[in-house]
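The structure under discussion appears below in the form of structure tokens.
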Amino acid sequence: MHGFDFEIIWRTAPYVFMTGMVFTIKLTVFATIGAIILGTLLAMMRLSSNRIVSGLSGGYVNFLRALPLILIIFWFYFLVPYIFGWILQAGHPISVGGFTSALITFVLFEAAYFCEIMRAGIQSIPRGQIGAGYALGLNYWQVMWHIVLPQAFRNMTPVLLTQMIVLFQDTSLVYVLSLTDFLGAANNVAQRDGRLVEMFIFAALVYFLISYAASRTVKRLERRMAIVR
Amino acid sequence: MNYHWNWMIFWAQAPDGTGTYLHTLIRGMYWTLGVSVLAWIIALVFGVAVGVLRTARIRGLERLCAGYVELFRNVPLLVQMFLWYFVVPEVVPKALGDMIKAADPTWSTFWTAVICLGLFTSSRIAEQIRAGITSLPVGQSMAGTALGLTRPQVYRYLLLPMTVRIIMPPLTSEALNLIKNSSVAFTIGLLEITGAARSMQEFSFQIFESFAAATVLYLIINAVVVVLMRLIEKWMSVPGFIGTER
């Protein structure tokens with residue numbers, strides 16, 4: 001334990017937080033929003049009475065859930081430029097930058113997990129409400145938007161937030177693309193100054209404090225917003 | 001698009017001189033399976049112990065075990081991997097640290113990954129065990145005590161046999177998670193499936209063939225584990241429960 005250098009943490013904190021943590025939080029927030037939207041659409045497809053539609057969604061979700069996130073990160077890192085090149089008819093791959101690539105990956109990957117949560121949320125709504133909606137002359141989208149989804153979101157808020165904490169921790173895996181997220185920034189300092197012990201303990205501590213505080217808050221929220229039935 | 005597909009690449013010789021690229025991937029699969037199986041054993045042992053202690057109403061221990069679970073759940077797995085690999089050898093007594101650093105690098109990454117993944121998964125299994133035990137009617141442990149069983153006997157003969165059978169489905173998904181999480185060991189240099197695919201991609205430039213092969217391997221392992229666990233589940237299921245066919 002000789003020469004444990006705390007000073008380096010203070011010295012590099014502006015870089016680690018302003019560059020690294022900002023990247024991590026931006027990625028977490030945008031990916032969560034995107035994944036919830038896509039996941040909800042997937043959940044609605046999954047519950048469709050059309051076999052092909054529900055099969056497509058189910059296949060997508062089960063396929064992605066069977067694969068490790070790191071592998072998916074690599075897949076999309078290399079695949080996205082080709083897809084963009086193909087869409088824009090450029091004739092060559094178009095590089096999109098690390099953040100965009102990571103964001104696309106996390107939205108598409110986490111949507112599979114948010115889909116399962118939203119599916120449970122939608123299924124928790126009594127069937128009679130949907131029938132009532134149709135009886136009032138609403139169409140499918142109106143029933144979903146005005147009746148089912150608001151309640152599904154409310155019921156599932158704690159689970160969605162918990163999944164967001166998982167996503168926050170998962171963003172550390174963009175390290176494999178050498179992006180400068182929080183862990184990436186800490187790692188840069190650690191490698192440059194040969195201070196692996198200090199920086200990794202510090203990074204672990206910060207992740208712990210944020211995740212722990214967030215999960216406690218979610219738990220309190222869950223108790224407060226529970227509907228007495 | 002100007003990507004040149006070459007599915008025959010798997011039969012080309014890898015530049016590290018250890019056989020074809022296919023061999024590289026198969027060896028990767030062995031590493032993935034090896035890490036996962038050993039980590040699973042650690043995870044079960046520690047998970048059951050911690051899960052039981054959390055319900056055992058021993059004040060100090062209960063808090064300690066809750067802390068254990070929170071610690072492993074709130075730090076990203078990748079950071080934990082780095083802590084075990086880079087930090088632990090520096091902060092343990094110097095003789096032990098030197099021994100770790102002098103070890104064969106392939107095996108030291110392997111065992112680091114096993115310990116890291118084992119303990120990480122154990123915290124999740126502990127939660128499952130605790131939830132399983134608390135889901136049992138209180139009457140069961142009361143009945144056990146009334147019959148003159150000691151606390152350990154109540155757990156050994158009444159609570160745990162029921163709990164393990166109830167939590168088989170979540171255990172299956174934990175096993176699948178563990179296999180997926182073992183890909184994180186690639187970051188400390190273990191050439192498991194993802195690592196093997198990555199190295200194949202870097203040497204051969206056949207990006208999509210490499211990752212497609214890794215994807216197929218993961219899907220196969222997944223399918224095998226699901227079938228195996230379902231067999232165990234059927235064999236262990238409790239007669240009279242809704243989920244039981246008999």
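Letters A, B, ... mark the chains of the structure tokens in the order given; residue numbers begin at 1 per chain; ligand numbers begin at 1, in order shown.
Omitting Pro81 (chain A) and its sequence neighbours fewer than 6 positions away, and counting only C-alpha atoms, the residues within 6 Å are Pro93, Ile94 and Ser95 of chain A.
Within 7 Å of chain A, chain B contributes the residues B:Met1, B:Asn2, B:Asn74, B:Val75, B:Pro76, B:Leu78, B:Val79, B:Leu83, B:Phe86, B:Val87, B:Val91, B:Lys180, B:Asn181, B:Ser183, B:Thr194, B:Phe211, B:Thr215, B:Tyr218, B:Leu219, B:Asn222, using only C-alpha atoms.
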- Item | Contacts of region 19-27 of chain B within 9 Å, only C-alpha atoms, excl. fewer than 2 positions in-chain, as an NGL selection string | :B and (9-17 or 29-32 or 191-197 or 199-200 or 204 or 210 or 213-214 or 217)
Would you export the selected residues with N, CA and C atoms as a PDB file, in the first residue's frame, please?
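Final output, again05.pdb:
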ATOM      1  N   ILE B   9     -12.801 -18.291 -44.648  1.00  0.00           N
ATOM      2  CA  ILE B   9     -11.735 -17.781 -43.782  1.00  0.00           C
ATOM      3  C   ILE B   9     -11.518 -18.669 -42.556  1.00  0.00           C
ATOM      4  N   PHE B  10     -12.594 -19.356 -42.123  1.00  0.00           N
ATOM      5  CA  PHE B  10     -12.463 -20.180 -40.906  1.00  0.00           C
ATOM      6  C   PHE B  10     -11.450 -21.297 -41.076  1.00  0.00           C
ATOM      7  N   TRP B  11     -11.190 -21.692 -42.348  1.00  0.00           N
ATOM      8  CA  TRP B  11     -10.249 -22.781 -42.573  1.00  0.00           C
ATOM      9  C   TRP B  11      -8.851 -22.276 -42.899  1.00  0.00           C
ATOM     10  N   ALA B  12      -8.699 -20.934 -42.886  1.00  0.00           N
ATOM     11  CA  ALA B  12      -7.370 -20.372 -43.111  1.00  0.00           C
ATOM     12  C   ALA B  12      -6.551 -20.477 -41.829  1.00  0.00           C
ATOM     13  N   GLN B  13      -5.223 -20.522 -41.979  1.00  0.00           N
ATOM     14  CA  GLN B  13      -4.365 -20.628 -40.805  1.00  0.00           C
ATOM     15  C   GLN B  13      -4.308 -19.291 -40.069  1.00  0.00           C
ATOM     16  N   ALA B  14      -4.455 -19.325 -38.734  1.00  0.00           N
ATOM     17  CA  ALA B  14      -4.309 -18.101 -37.947  1.00  0.00           C
ATOM     18  C   ALA B  14      -2.823 -17.778 -37.828  1.00  0.00           C
ATOM     19  N   PRO B  15      -2.462 -16.485 -37.811  1.00  0.00           N
ATOM     20  CA  PRO B  15      -1.039 -16.113 -37.808  1.00  0.00           C
ATOM     21  C   PRO B  15      -0.309 -16.471 -36.516  1.00  0.00           C
ATOM     22  N   ASP B  16      -1.050 -16.818 -35.451  1.00  0.00           N
ATOM     23  CA  ASP B  16      -0.338 -17.178 -34.223  1.00  0.00           C
ATOM     24  C   ASP B  16       0.162 -18.624 -34.256  1.00  0.00           C
ATOM     25  N   GLY B  17      -0.062 -19.312 -35.386  1.00  0.00           N
ATOM     26  CA  GLY B  17       0.530 -20.629 -35.570  1.00  0.00           C
ATOM     27  C   GLY B  17      -0.070 -21.725 -34.724  1.00  0.00           C
ATOM     28  N   MET B  29     -14.372 -21.002 -27.112  1.00  0.00           N
ATOM     29  CA  MET B  29     -15.554 -21.595 -26.492  1.00  0.00           C
ATOM     30  C   MET B  29     -15.164 -22.373 -25.237  1.00  0.00           C
ATOM     31  N   TYR B  30     -14.030 -23.095 -25.294  1.00  0.00           N
ATOM     32  CA  TYR B  30     -13.594 -23.827 -24.107  1.00  0.00           C
ATOM     33  C   TYR B  30     -13.311 -22.876 -22.950  1.00  0.00           C
ATOM     34  N   TRP B  31     -12.667 -21.738 -23.257  1.00  0.00           N
ATOM     35  CA  TRP B  31     -12.393 -20.770 -22.193  1.00  0.00           C
ATOM     36  C   TRP B  31     -13.702 -20.254 -21.608  1.00  0.00           C
ATOM     37  N   THR B  32     -14.651 -19.896 -22.483  1.00  0.00           N
ATOM     38  CA  THR B  32     -15.938 -19.397 -21.996  1.00  0.00           C
ATOM     39  C   THR B  32     -16.592 -20.421 -21.081  1.00  0.00           C
ATOM     40  N   LEU B 191      -8.880 -14.960 -23.931  1.00  0.00           N
ATOM     41  CA  LEU B 191      -9.394 -15.135 -25.297  1.00  0.00           C
ATOM     42  C   LEU B 191     -10.590 -16.083 -25.302  1.00  0.00           C
ATOM     43  N   GLU B 192     -11.662 -15.686 -24.595  1.00  0.00           N
ATOM     44  CA  GLU B 192     -12.899 -16.461 -24.689  1.00  0.00           C
ATOM     45  C   GLU B 192     -13.591 -16.094 -26.002  1.00  0.00           C
ATOM     46  N   ILE B 193     -14.826 -16.527 -26.202  1.00  0.00           N
ATOM     47  CA  ILE B 193     -15.436 -16.432 -27.535  1.00  0.00           C
ATOM     48  C   ILE B 193     -15.314 -15.024 -28.129  1.00  0.00           C
ATOM     49  N   THR B 194     -15.753 -14.011 -27.365  1.00  0.00           N
ATOM     50  CA  THR B 194     -15.694 -12.650 -27.901  1.00  0.00           C
ATOM     51  C   THR B 194     -14.257 -12.237 -28.190  1.00  0.00           C
ATOM     52  N   GLY B 195     -13.353 -12.567 -27.277  1.00  0.00           N
ATOM     53  CA  GLY B 195     -11.947 -12.228 -27.476  1.00  0.00           C
ATOM     54  C   GLY B 195     -11.370 -12.929 -28.693  1.00  0.00           C
ATOM     55  N   ALA B 196     -11.729 -14.213 -28.861  1.00  0.00           N
ATOM     56  CA  ALA B 196     -11.236 -14.978 -30.013  1.00  0.00           C
ATOM     57  C   ALA B 196     -11.754 -14.368 -31.308  1.00  0.00           C
ATOM     58  N   ALA B 197     -13.036 -13.979 -31.308  1.00  0.00           N
ATOM     59  CA  ALA B 197     -13.615 -13.373 -32.505  1.00  0.00           C
ATOM     60  C   ALA B 197     -12.940 -12.038 -32.808  1.00  0.00           C
ATOM     61  N   SER B 199      -9.874 -11.156 -31.991  1.00  0.00           N
ATOM     62  CA  SER B 199      -8.510 -11.339 -32.492  1.00  0.00           C
ATOM     63  C   SER B 199      -8.549 -11.861 -33.926  1.00  0.00           C
ATOM     64  N   MET B 200      -9.533 -12.729 -34.225  1.00  0.00           N
ATOM     65  CA  MET B 200      -9.681 -13.218 -35.593  1.00  0.00           C
ATOM     66  C   MET B 200      -9.992 -12.055 -36.531  1.00  0.00           C
ATOM     67  N   SER B 204      -7.612 -11.144 -39.596  1.00  0.00           N
ATOM     68  CA  SER B 204      -8.092 -11.565 -40.915  1.00  0.00           C
ATOM     69  C   SER B 204      -8.831 -10.450 -41.648  1.00  0.00           C
ATOM     70  N   SER B 210     -16.291 -13.146 -38.441  1.00  0.00           N
ATOM     71  CA  SER B 210     -15.804 -13.440 -37.089  1.00  0.00           C
ATOM     72  C   SER B 210     -16.918 -13.300 -36.067  1.00  0.00           C
ATOM     73  N   ALA B 213     -19.667 -15.866 -36.314  1.00  0.00           N
ATOM     74  CA  ALA B 213     -19.298 -17.151 -35.716  1.00  0.00           C
ATOM     75  C   ALA B 213     -19.464 -17.090 -34.200  1.00  0.00           C
ATOM     76  N   ALA B 214     -19.013 -15.978 -33.585  1.00  0.00           N
ATOM     77  CA  ALA B 214     -19.163 -15.832 -32.134  1.00  0.00           C
ATOM     78  C   ALA B 214     -20.644 -15.855 -31.756  1.00  0.00           C
ATOM     79  N   LEU B 217     -21.949 -19.357 -31.809  1.00  0.00           N
ATOM     80  CA  LEU B 217     -21.482 -20.127 -30.653  1.00  0.00           C
ATOM     81  C   LEU B 217     -22.292 -19.782 -29.404  1.00  0.00           C
TER      82      LEU B 217
END
- Near-Gln163 (chain A) list (12 Å; only C-alpha atoms; drop same-chain fewer than 2 positions) as a ChimeraX atom specification: /A:28-29,31-33,35-36,110-118,156-161,165-170,211,214-215,218
Could you please take those selected residues and save N, CA and C atoms as an mmCIF file, in the first residue's frame?
data_model
loop_
_atom_site.group_PDB
_atom_site.id
_atom_site.type_symbol
_atom_site.label_atom_id
_atom_site.label_comp_id
_atom_site.auth_asym_id
_atom_site.auth_seq_id
_atom_site.Cartn_x
_atom_site.Cartn_y
_atom_site.Cartn_z
ATOM 1 N N THR A 28 -26.323 7.460 -21.045
ATOM 2 C CA THR A 28 -27.346 6.782 -20.251
ATOM 3 C C THR A 28 -28.726 7.372 -20.516
ATOM 4 N N VAL A 29 -28.824 8.707 -20.468
ATOM 5 C CA VAL A 29 -30.134 9.352 -20.596
ATOM 6 C C VAL A 29 -30.710 9.157 -21.999
ATOM 7 N N ALA A 31 -29.889 6.953 -24.282
ATOM 8 C CA ALA A 31 -30.132 5.540 -24.584
ATOM 9 C C ALA A 31 -31.388 5.055 -23.877
ATOM 10 N N THR A 32 -31.607 5.521 -22.630
ATOM 11 C CA THR A 32 -32.801 5.100 -21.905
ATOM 12 C C THR A 32 -34.059 5.581 -22.619
ATOM 13 N N ILE A 33 -34.060 6.866 -23.012
ATOM 14 C CA ILE A 33 -35.243 7.403 -23.694
ATOM 15 C C ILE A 33 -35.503 6.630 -24.983
ATOM 16 N N ALA A 35 -34.461 3.662 -25.848
ATOM 17 C CA ALA A 35 -34.763 2.250 -25.629
ATOM 18 C C ALA A 35 -36.171 2.068 -25.078
ATOM 19 N N ILE A 36 -36.653 3.028 -24.285
ATOM 20 C CA ILE A 36 -38.022 2.909 -23.767
ATOM 21 C C ILE A 36 -39.023 3.059 -24.913
ATOM 22 N N GLU A 110 -30.756 -2.388 -25.427
ATOM 23 C CA GLU A 110 -31.556 -2.270 -24.207
ATOM 24 C C GLU A 110 -33.045 -2.291 -24.512
ATOM 25 N N ALA A 111 -33.424 -1.946 -25.755
ATOM 26 C CA ALA A 111 -34.842 -2.002 -26.117
ATOM 27 C C ALA A 111 -35.396 -3.403 -25.880
ATOM 28 N N ALA A 112 -34.569 -4.427 -26.090
ATOM 29 C CA ALA A 112 -35.023 -5.794 -25.865
ATOM 30 C C ALA A 112 -35.421 -5.997 -24.409
ATOM 31 N N TYR A 113 -34.633 -5.397 -23.490
ATOM 32 C CA TYR A 113 -34.927 -5.561 -22.065
ATOM 33 C C TYR A 113 -36.121 -4.692 -21.650
ATOM 34 N N PHE A 114 -36.158 -3.440 -22.183
ATOM 35 C CA PHE A 114 -37.297 -2.580 -21.868
ATOM 36 C C PHE A 114 -38.585 -3.151 -22.448
ATOM 37 N N CYS A 115 -38.481 -3.856 -23.576
ATOM 38 C CA CYS A 115 -39.660 -4.491 -24.172
ATOM 39 C C CYS A 115 -40.296 -5.458 -23.181
ATOM 40 N N GLU A 116 -39.471 -6.282 -22.535
ATOM 41 C CA GLU A 116 -40.006 -7.260 -21.595
ATOM 42 C C GLU A 116 -40.685 -6.569 -20.416
ATOM 43 N N ILE A 117 -40.102 -5.450 -19.969
ATOM 44 C CA ILE A 117 -40.696 -4.715 -18.855
ATOM 45 C C ILE A 117 -42.045 -4.133 -19.271
ATOM 46 N N MET A 118 -42.077 -3.490 -20.451
ATOM 47 C CA MET A 118 -43.314 -2.857 -20.900
ATOM 48 C C MET A 118 -44.388 -3.899 -21.215
ATOM 49 N N MET A 156 -44.900 0.476 -14.014
ATOM 50 C CA MET A 156 -43.571 -0.060 -14.269
ATOM 51 C C MET A 156 -42.450 0.936 -13.967
ATOM 52 N N THR A 157 -42.804 2.146 -13.525
ATOM 53 C CA THR A 157 -41.761 3.153 -13.307
ATOM 54 C C THR A 157 -40.585 2.648 -12.461
ATOM 55 N N PRO A 158 -40.821 1.996 -11.317
ATOM 56 C CA PRO A 158 -39.663 1.543 -10.544
ATOM 57 C C PRO A 158 -38.790 0.563 -11.327
ATOM 58 N N VAL A 159 -39.422 -0.348 -12.069
ATOM 59 C CA VAL A 159 -38.646 -1.336 -12.816
ATOM 60 C C VAL A 159 -37.875 -0.658 -13.949
ATOM 61 N N LEU A 160 -38.526 0.311 -14.604
ATOM 62 C CA LEU A 160 -37.847 1.036 -15.679
ATOM 63 C C LEU A 160 -36.630 1.778 -15.140
ATOM 64 N N LEU A 161 -36.804 2.404 -13.962
ATOM 65 C CA LEU A 161 -35.684 3.143 -13.388
ATOM 66 C C LEU A 161 -34.560 2.194 -12.974
ATOM 67 N N ILE A 165 -30.585 2.077 -14.155
ATOM 68 C CA ILE A 165 -29.354 1.968 -13.368
ATOM 69 C C ILE A 165 -28.450 0.892 -13.959
ATOM 70 N N VAL A 166 -29.061 -0.219 -14.378
ATOM 71 C CA VAL A 166 -28.286 -1.279 -15.031
ATOM 72 C C VAL A 166 -27.626 -0.727 -16.295
ATOM 73 N N LEU A 167 -28.410 0.044 -17.058
ATOM 74 C CA LEU A 167 -27.875 0.631 -18.292
ATOM 75 C C LEU A 167 -26.701 1.559 -17.979
ATOM 76 N N PHE A 168 -26.868 2.357 -16.920
ATOM 77 C CA PHE A 168 -25.794 3.260 -16.490
ATOM 78 C C PHE A 168 -24.510 2.472 -16.238
ATOM 79 N N GLN A 169 -24.633 1.334 -15.561
ATOM 80 C CA GLN A 169 -23.440 0.524 -15.310
ATOM 81 C C GLN A 169 -22.915 -0.109 -16.597
ATOM 82 N N ASP A 170 -23.852 -0.505 -17.470
ATOM 83 C CA ASP A 170 -23.443 -1.152 -18.714
ATOM 84 C C ASP A 170 -22.668 -0.220 -19.639
ATOM 85 N N SER A 211 -24.933 4.513 -8.134
ATOM 86 C CA SER A 211 -25.902 3.424 -8.312
ATOM 87 C C SER A 211 -26.657 3.147 -7.016
ATOM 88 N N ALA A 214 -29.085 5.915 -6.274
ATOM 89 C CA ALA A 214 -30.200 5.829 -7.223
ATOM 90 C C ALA A 214 -31.129 4.680 -6.863
ATOM 91 N N SER A 215 -30.559 3.520 -6.505
ATOM 92 C CA SER A 215 -31.442 2.380 -6.238
ATOM 93 C C SER A 215 -32.215 2.579 -4.942
ATOM 94 N N VAL A 218 -35.069 4.843 -5.882
ATOM 95 C CA VAL A 218 -36.107 4.093 -6.594
ATOM 96 C C VAL A 218 -36.966 3.314 -5.604
#
- Item | Shell of 9 Å around Ser141 (chain B), only C-alpha atoms, local chain residues under 6 positions omitted, as JSON, numbers by chain | {"B": [151, 154, 155, 158, 159]}
- as an MDAnalysis selection string, list the residues of region 147-202 of chain B assigned to alpha helix (DSSP H) by DSSP on the backbone atoms of this structure. chainID B and resid 151:153 160:166 168:181 193:202
- Item | Residue neighbourhood Thr12 (chain A), 12 Å, only C-alpha atoms, exclusion window fewer than 2 positions, as a list in words | Phe6, Glu7, Ile8, Ile9, Trp10, Pro14, Tyr15, Val16, Phe17, Met18, Thr19, Gly20, Phe182, Ala185, Ala186, Asn187, Asn188, Val189, Ala190, Arg192, Asp193, Arg195, Glu198, Met199 and Phe202 of chain A
Writing out the chosen residues with N, CA and C atoms as a short mmCIF file (atom, residue, chain, number, x, y, z; two decimals), in the first residue's frame:
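Written out: selection_24.cif:
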data_model
loop_
_atom_site.label_atom_id
_atom_site.label_comp_id
_atom_site.auth_asym_id
_atom_site.auth_seq_id
_atom_site.Cartn_x
_atom_site.Cartn_y
_atom_site.Cartn_z
N PHE A 6 -3.53 10.10 -3.29
CA PHE A 6 -4.89 10.62 -3.45
C PHE A 6 -4.91 11.90 -4.26
N GLU A 7 -3.77 12.55 -4.26
CA GLU A 7 -3.69 13.87 -4.89
C GLU A 7 -4.06 13.78 -6.37
N ILE A 8 -3.71 12.66 -7.00
CA ILE A 8 -3.96 12.53 -8.44
C ILE A 8 -5.45 12.61 -8.75
N ILE A 9 -6.26 12.12 -7.79
CA ILE A 9 -7.71 12.14 -8.02
C ILE A 9 -8.21 13.57 -8.08
N TRP A 10 -7.76 14.41 -7.14
CA TRP A 10 -8.16 15.82 -7.14
C TRP A 10 -7.68 16.52 -8.41
N PRO A 14 -11.47 17.24 -12.68
CA PRO A 14 -12.19 18.00 -13.71
C PRO A 14 -12.27 17.24 -15.03
N TYR A 15 -11.16 16.65 -15.46
CA TYR A 15 -11.16 15.89 -16.71
C TYR A 15 -12.07 14.67 -16.61
N VAL A 16 -11.89 13.91 -15.53
CA VAL A 16 -12.62 12.66 -15.39
C VAL A 16 -14.13 12.90 -15.34
N PHE A 17 -14.53 14.00 -14.65
CA PHE A 17 -15.96 14.25 -14.52
C PHE A 17 -16.51 15.01 -15.72
N MET A 18 -15.82 16.08 -16.12
CA MET A 18 -16.39 16.92 -17.18
C MET A 18 -16.37 16.21 -18.52
N THR A 19 -15.35 15.43 -18.79
CA THR A 19 -15.31 14.71 -20.06
C THR A 19 -15.98 13.35 -19.91
N GLY A 20 -15.50 12.59 -18.91
CA GLY A 20 -15.94 11.20 -18.78
C GLY A 20 -17.38 11.07 -18.30
N PHE A 182 -16.82 7.65 -18.36
CA PHE A 182 -16.21 7.85 -17.05
C PHE A 182 -15.06 6.88 -16.80
N ALA A 185 -12.11 7.60 -19.12
CA ALA A 185 -11.30 8.74 -18.69
C ALA A 185 -10.41 8.35 -17.52
N ALA A 186 -11.01 7.65 -16.54
CA ALA A 186 -10.22 7.20 -15.38
C ALA A 186 -9.09 6.30 -15.85
N ASN A 187 -9.39 5.45 -16.82
CA ASN A 187 -8.39 4.52 -17.35
C ASN A 187 -7.27 5.28 -18.07
N ASN A 188 -7.63 6.33 -18.81
CA ASN A 188 -6.62 7.13 -19.49
C ASN A 188 -5.61 7.70 -18.50
N VAL A 189 -6.16 8.30 -17.42
CA VAL A 189 -5.27 8.86 -16.40
C VAL A 189 -4.44 7.76 -15.76
N ALA A 190 -5.10 6.64 -15.45
CA ALA A 190 -4.42 5.53 -14.78
C ALA A 190 -3.24 5.03 -15.62
N ARG A 192 -1.69 6.69 -18.12
CA ARG A 192 -0.70 7.71 -18.39
C ARG A 192 0.23 7.90 -17.19
N ASP A 193 -0.36 7.94 -15.97
CA ASP A 193 0.43 8.24 -14.79
C ASP A 193 0.81 6.99 -14.00
N ARG A 195 -1.11 5.05 -12.34
CA ARG A 195 -1.82 5.07 -11.05
C ARG A 195 -3.08 4.21 -11.14
N GLU A 198 -5.18 3.69 -7.59
CA GLU A 198 -5.99 4.84 -7.15
C GLU A 198 -7.19 5.06 -8.06
N MET A 199 -6.93 5.09 -9.38
CA MET A 199 -7.99 5.47 -10.30
C MET A 199 -9.11 4.44 -10.35
N PHE A 202 -11.12 4.62 -7.16
CA PHE A 202 -11.93 5.84 -7.23
C PHE A 202 -13.13 5.63 -8.16
#
